[in-house]
Amino acid sequence: MVTYDRRVVDDDLVFKALADPTRRLLLDRLFQRDGRTLTELESELEMTRFGVMKHLRLLEEAGLVTTRRSGREKLHYLNAVPIRLIHDRWINKYTERQISALVDLKAELEEKDGHHD
Amino acid sequence: MTETANSTMVQVHRVYIKASPQAIWDAITKPEWNEKFGYQVPGEFDLREGGTYRALANQEMRDHGAPEVIIDGEILVCEPPHRLVQTWNIMFEAGTAAEPVTRLTWEIEACGGFSALTVTHELTDAPLAAAFVGGEVPNAGGGWAYVLSDLKSLLETGSAMAG
């Protein structure tokens with residue numbers, strides 16, 4: 001049996017990672033300016049270094065944050081690809097259905113209008 | 001702070017794809033594959049160090065006045081199927097064409113049945129290109145997140161979402 005890292009296939013990790021306001025705040029901070037150190041991120045939150053590390057680790061496990069070493073520093077980067085995948089897989093799917101339902105409704109109403117003439 | 005908000009210097013994007021490193025390498029570097037996902041433009045890679053890279057405008061883009069070569073670059077490191085480093089410069093728009101050339105690294109690692117594709121884009125002093133590939137320009141596609149999501153869809157399902 002092939003074994004692989006759970007984060008490879010698991011949308012649950014992304015949803016769980018996004019379900020926390022502190023982690024969403026961290027993503028917003030990285031969106032504003034990418035490639036930050038733990039110390040920089042920590043300075044903007046009222047939370048212990050350990051707490052911020054824990055949140056960053058969950059974001060990294062979900063693939064929402066990637067890290068890269070630059071000299072002695074570990075820099076954190078926002079990776080929007082998992083959010084895009086969820087958008088493409090879930091949100092597009094349902095919004096398209098709503099749109100087609102509205103299109104059907106419009107067609108039906110217009111057809112009824114036609115019968116009144 | 002010398003940079004404006006969102007004009008980041010380096011972007012790191014990663015996606016896990018159920019495909020071999022070779023299949024991903026081919027999808028990135030062969031025009032018959034790379035024109036099927038993302039912005040759907042054929043990209044020609046002369047796969048040797050010092051070779052050229054050119055992404056060519058598709059018909060729709062040419063109809064809107066795009067030049068023949070929309071992205072221009074040079075291959076710096078070519079280690080198939082794991083690592084490709086190239087320069088990358090958007091030519092279809094005067095603002096981005098005038099910015100310094102950016103540097104793009106593609107890394108593909110096998111990861112137990114999956115492959116991890118990491119795209120690192122160094123965009124020093126190129127805020128317009130950074131906004132474009134970061135997906136921040138309205139009606140301009142969605143940048144790397146969009147392209148990589150679509151590549152995954154193409155390789156795993158046989159069809160891209162775009163088009």
# chains A, B, ... in the order shown; residues from 1 in each chain; ligands from 1

$ residues_around --residues "Gly134 in chain B" --least-positions-apart "2" --cutoff "8 Å" --atoms "only C-alpha atoms" --output "list in words"
Gln11, Ala130, Ala131, Phe132, Glu136, Gly142, Gly143, Trp144 and Ala145 of chain B

$ write_last_selection --atoms "N, CA, C and O atoms" --output "PDB file, in the first residue's frame"
ATOM      1  N   GLN B  11       7.656  34.864  -3.978  1.00  0.00           N
ATOM      2  CA  GLN B  11       6.417  34.116  -3.748  1.00  0.00           C
ATOM      3  C   GLN B  11       6.749  32.636  -3.845  1.00  0.00           C
ATOM      4  O   GLN B  11       7.523  32.229  -4.704  1.00  0.00           O
ATOM      5  N   ALA B 130       4.687  41.041  -9.743  1.00  0.00           N
ATOM      6  CA  ALA B 130       4.321  40.363  -8.493  1.00  0.00           C
ATOM      7  C   ALA B 130       2.808  40.388  -8.277  1.00  0.00           C
ATOM      8  O   ALA B 130       2.211  39.390  -7.878  1.00  0.00           O
ATOM      9  N   ALA B 131       2.190  41.516  -8.570  1.00  0.00           N
ATOM     10  CA  ALA B 131       0.735  41.625  -8.419  1.00  0.00           C
ATOM     11  C   ALA B 131       0.036  40.702  -9.413  1.00  0.00           C
ATOM     12  O   ALA B 131      -0.945  40.031  -9.088  1.00  0.00           O
ATOM     13  N   PHE B 132       0.583  40.630 -10.612  1.00  0.00           N
ATOM     14  CA  PHE B 132      -0.008  39.787 -11.659  1.00  0.00           C
ATOM     15  C   PHE B 132       0.065  38.303 -11.278  1.00  0.00           C
ATOM     16  O   PHE B 132      -0.945  37.606 -11.249  1.00  0.00           O
ATOM     17  N   GLU B 136      -3.485  39.287  -7.954  1.00  0.00           N
ATOM     18  CA  GLU B 136      -4.107  40.489  -7.383  1.00  0.00           C
ATOM     19  C   GLU B 136      -4.637  41.448  -8.438  1.00  0.00           C
ATOM     20  O   GLU B 136      -5.224  42.466  -8.097  1.00  0.00           O
ATOM     21  N   GLY B 142      -5.653  35.128 -12.099  1.00  0.00           N
ATOM     22  CA  GLY B 142      -5.516  34.603 -10.737  1.00  0.00           C
ATOM     23  C   GLY B 142      -4.133  34.087 -10.459  1.00  0.00           C
ATOM     24  O   GLY B 142      -3.900  33.454  -9.434  1.00  0.00           O
ATOM     25  N   GLY B 143      -3.207  34.344 -11.363  1.00  0.00           N
ATOM     26  CA  GLY B 143      -1.791  34.090 -11.075  1.00  0.00           C
ATOM     27  C   GLY B 143      -1.442  32.631 -10.860  1.00  0.00           C
ATOM     28  O   GLY B 143      -2.114  31.732 -11.353  1.00  0.00           O
ATOM     29  N   TRP B 144      -0.383  32.410 -10.075  1.00  0.00           N
ATOM     30  CA  TRP B 144       0.137  31.054  -9.890  1.00  0.00           C
ATOM     31  C   TRP B 144      -0.865  30.116  -9.232  1.00  0.00           C
ATOM     32  O   TRP B 144      -0.921  28.934  -9.567  1.00  0.00           O
ATOM     33  N   ALA B 145      -1.650  30.619  -8.266  1.00  0.00           N
ATOM     34  CA  ALA B 145      -2.613  29.739  -7.595  1.00  0.00           C
ATOM     35  C   ALA B 145      -3.579  29.159  -8.629  1.00  0.00           C
ATOM     36  O   ALA B 145      -3.894  27.967  -8.621  1.00  0.00           O
TER      37      ALA B 145
END

$ select_by_dssp --residues "chain A" --states "strand (DSSP E)" --output "ChimeraX atom specification"
/A:65-70,73-78

$ closest_residue --among "A:Val81, A:Leu30, A:Ala19, A:Leu38" --to "Arg57 in chain A" --atoms "only C-alpha atoms"
A:Leu38

$ residues_around --residues "Pro67 in chain B" --least-positions-apart "5" --cutoff "8 Å" --atoms "only C-alpha atoms" --output "list in words"
Ala57, Arg62, Met91 and Phe92 of chain B

$ residues_around --residues "Asp11 in chain A" --least-positions-apart "6" --cutoff "9 Å" --atoms "only C-alpha atoms" --output "VMD selection string"
chain A and resid 62 82 86

$ write_last_selection --atoms "N, CA and C atoms" --output "PDB file, in the first residue's frame"
ATOM      1  N   ALA A  62      -1.358  22.225   6.599  1.00  0.00           N
ATOM      2  CA  ALA A  62      -2.469  22.319   5.648  1.00  0.00           C
ATOM      3  C   ALA A  62      -1.988  22.805   4.283  1.00  0.00           C
ATOM      4  N   PRO A  82      -3.911  25.840  -2.103  1.00  0.00           N
ATOM      5  CA  PRO A  82      -4.988  25.026  -1.504  1.00  0.00           C
ATOM      6  C   PRO A  82      -6.330  25.766  -1.426  1.00  0.00           C
ATOM      7  N   ILE A  86      -9.831  24.585  -3.276  1.00  0.00           N
ATOM      8  CA  ILE A  86     -11.141  24.501  -2.628  1.00  0.00           C
ATOM      9  C   ILE A  86     -12.152  25.368  -3.374  1.00  0.00           C
TER      10      ILE A  86
END

$ closest_residue --among "B:Ala66, B:Leu151, B:Leu76, B:Ile71" --to "chain A" --atoms "only C-alpha atoms"
B:Leu151

$ atom_distance --atom1 "CA of Thr105 in chain B" --atom2 "CA of Val119 in chain B"
5.7 Å

$ interface_residues --of "chain B" --to "chain A" --cutoff "7 Å" --atoms "only C-alpha atoms" --output "PyMOL selection string"
chain B and resi 5-6+8+10-16+111-113+145-146+148-149

$ write_last_selection --atoms "N, CA and C atoms" --output "PDB file, in the first residue's frame"
ATOM      1  N   ALA B   5       2.539  47.565  -0.087  1.00  0.00           N
ATOM      2  CA  ALA B   5       1.808  46.372   0.330  1.00  0.00           C
ATOM      3  C   ALA B   5       1.526  45.495  -0.887  1.00  0.00           C
ATOM      4  N   ASN B   6       1.639  44.223  -0.721  1.00  0.00           N
ATOM      5  CA  ASN B   6       1.353  43.214  -1.746  1.00  0.00           C
ATOM      6  C   ASN B   6       2.422  43.078  -2.827  1.00  0.00           C
ATOM      7  N   THR B   8       5.295  41.752  -3.042  1.00  0.00           N
ATOM      8  CA  THR B   8       6.273  40.939  -2.341  1.00  0.00           C
ATOM      9  C   THR B   8       7.449  40.588  -3.239  1.00  0.00           C
ATOM     10  N   VAL B  10       9.442  37.709  -2.964  1.00  0.00           N
ATOM     11  CA  VAL B  10       9.485  36.296  -3.318  1.00  0.00           C
ATOM     12  C   VAL B  10       8.104  35.699  -3.067  1.00  0.00           C
ATOM     13  N   GLN B  11       7.656  34.864  -3.978  1.00  0.00           N
ATOM     14  CA  GLN B  11       6.417  34.116  -3.748  1.00  0.00           C
ATOM     15  C   GLN B  11       6.749  32.636  -3.845  1.00  0.00           C
ATOM     16  N   VAL B  12       6.168  31.859  -2.942  1.00  0.00           N
ATOM     17  CA  VAL B  12       6.381  30.415  -2.949  1.00  0.00           C
ATOM     18  C   VAL B  12       5.015  29.741  -3.045  1.00  0.00           C
ATOM     19  N   HIS B  13       4.799  29.000  -4.107  1.00  0.00           N
ATOM     20  CA  HIS B  13       3.518  28.325  -4.310  1.00  0.00           C
ATOM     21  C   HIS B  13       3.776  26.831  -4.423  1.00  0.00           C
ATOM     22  N   ARG B  14       2.927  26.047  -3.773  1.00  0.00           N
ATOM     23  CA  ARG B  14       3.146  24.597  -3.823  1.00  0.00           C
ATOM     24  C   ARG B  14       1.828  23.864  -4.050  1.00  0.00           C
ATOM     25  N   VAL B  15       1.914  22.803  -4.841  1.00  0.00           N
ATOM     26  CA  VAL B  15       0.735  21.960  -5.073  1.00  0.00           C
ATOM     27  C   VAL B  15       1.188  20.503  -5.114  1.00  0.00           C
ATOM     28  N   TYR B  16       0.327  19.622  -4.598  1.00  0.00           N
ATOM     29  CA  TYR B  16       0.594  18.175  -4.651  1.00  0.00           C
ATOM     30  C   TYR B  16      -0.258  17.584  -5.768  1.00  0.00           C
ATOM     31  N   CYS B 111       6.647  12.124  -3.881  1.00  0.00           N
ATOM     32  CA  CYS B 111       6.187  12.189  -2.490  1.00  0.00           C
ATOM     33  C   CYS B 111       5.158  11.088  -2.295  1.00  0.00           C
ATOM     34  N   GLY B 112       5.602   9.829  -2.400  1.00  0.00           N
ATOM     35  CA  GLY B 112       4.735   8.669  -2.174  1.00  0.00           C
ATOM     36  C   GLY B 112       3.465   8.644  -2.999  1.00  0.00           C
ATOM     37  N   GLY B 113       3.571   8.402  -4.295  1.00  0.00           N
ATOM     38  CA  GLY B 113       2.387   8.338  -5.144  1.00  0.00           C
ATOM     39  C   GLY B 113       1.979   9.698  -5.682  1.00  0.00           C
ATOM     40  N   ALA B 145      -1.650  30.619  -8.266  1.00  0.00           N
ATOM     41  CA  ALA B 145      -2.613  29.739  -7.595  1.00  0.00           C
ATOM     42  C   ALA B 145      -3.579  29.159  -8.629  1.00  0.00           C
ATOM     43  N   TYR B 146      -4.015  30.000  -9.541  1.00  0.00           N
ATOM     44  CA  TYR B 146      -4.927  29.574 -10.605  1.00  0.00           C
ATOM     45  C   TYR B 146      -4.234  28.602 -11.564  1.00  0.00           C
ATOM     46  N   LEU B 148      -1.568  26.675 -11.095  1.00  0.00           N
ATOM     47  CA  LEU B 148      -1.188  25.393 -10.491  1.00  0.00           C
ATOM     48  C   LEU B 148      -2.414  24.540 -10.160  1.00  0.00           C
ATOM     49  N   SER B 149      -3.499  25.184  -9.759  1.00  0.00           N
ATOM     50  CA  SER B 149      -4.738  24.448  -9.519  1.00  0.00           C
ATOM     51  C   SER B 149      -5.209  23.808 -10.829  1.00  0.00           C
TER      52      SER B 149
END

$ select_by_dssp --residues "range 12-86 of chain B" --states "helix (DSSP H, G or I)" --output "PyMOL selection string"
chain B and resi 21-29+31-34+59-63

$ write_last_selection --atoms "C-alpha atoms" --output "PDB file, in the first residue's frame"
ATOM      1  CA  PRO B  21       7.699  14.034 -11.683  1.00  0.00           C
ATOM      2  CA  GLN B  22       8.263  13.276 -15.388  1.00  0.00           C
ATOM      3  CA  ALA B  23       4.581  13.841 -16.238  1.00  0.00           C
ATOM      4  CA  ILE B  24       4.651  17.169 -14.403  1.00  0.00           C
ATOM      5  CA  TRP B  25       7.940  18.155 -16.050  1.00  0.00           C
ATOM      6  CA  ASP B  26       6.445  17.409 -19.477  1.00  0.00           C
ATOM      7  CA  ALA B  27       3.256  19.323 -18.698  1.00  0.00           C
ATOM      8  CA  ILE B  28       5.314  22.384 -17.777  1.00  0.00           C
ATOM      9  CA  THR B  29       7.882  22.254 -20.574  1.00  0.00           C
ATOM     10  CA  PRO B  31       3.905  23.310 -25.608  1.00  0.00           C
ATOM     11  CA  GLU B  32       1.338  20.621 -26.478  1.00  0.00           C
ATOM     12  CA  TRP B  33       0.751  20.273 -22.715  1.00  0.00           C
ATOM     13  CA  ASN B  34       1.405  23.723 -21.327  1.00  0.00           C
ATOM     14  CA  GLN B  59      -5.225  33.791 -31.103  1.00  0.00           C
ATOM     15  CA  GLU B  60      -7.525  35.523 -28.624  1.00  0.00           C
ATOM     16  CA  MET B  61      -4.623  37.525 -27.196  1.00  0.00           C
ATOM     17  CA  ARG B  62      -3.355  38.462 -30.659  1.00  0.00           C
ATOM     18  CA  ASP B  63      -6.865  39.647 -31.542  1.00  0.00           C
TER      19      ASP B  63
END
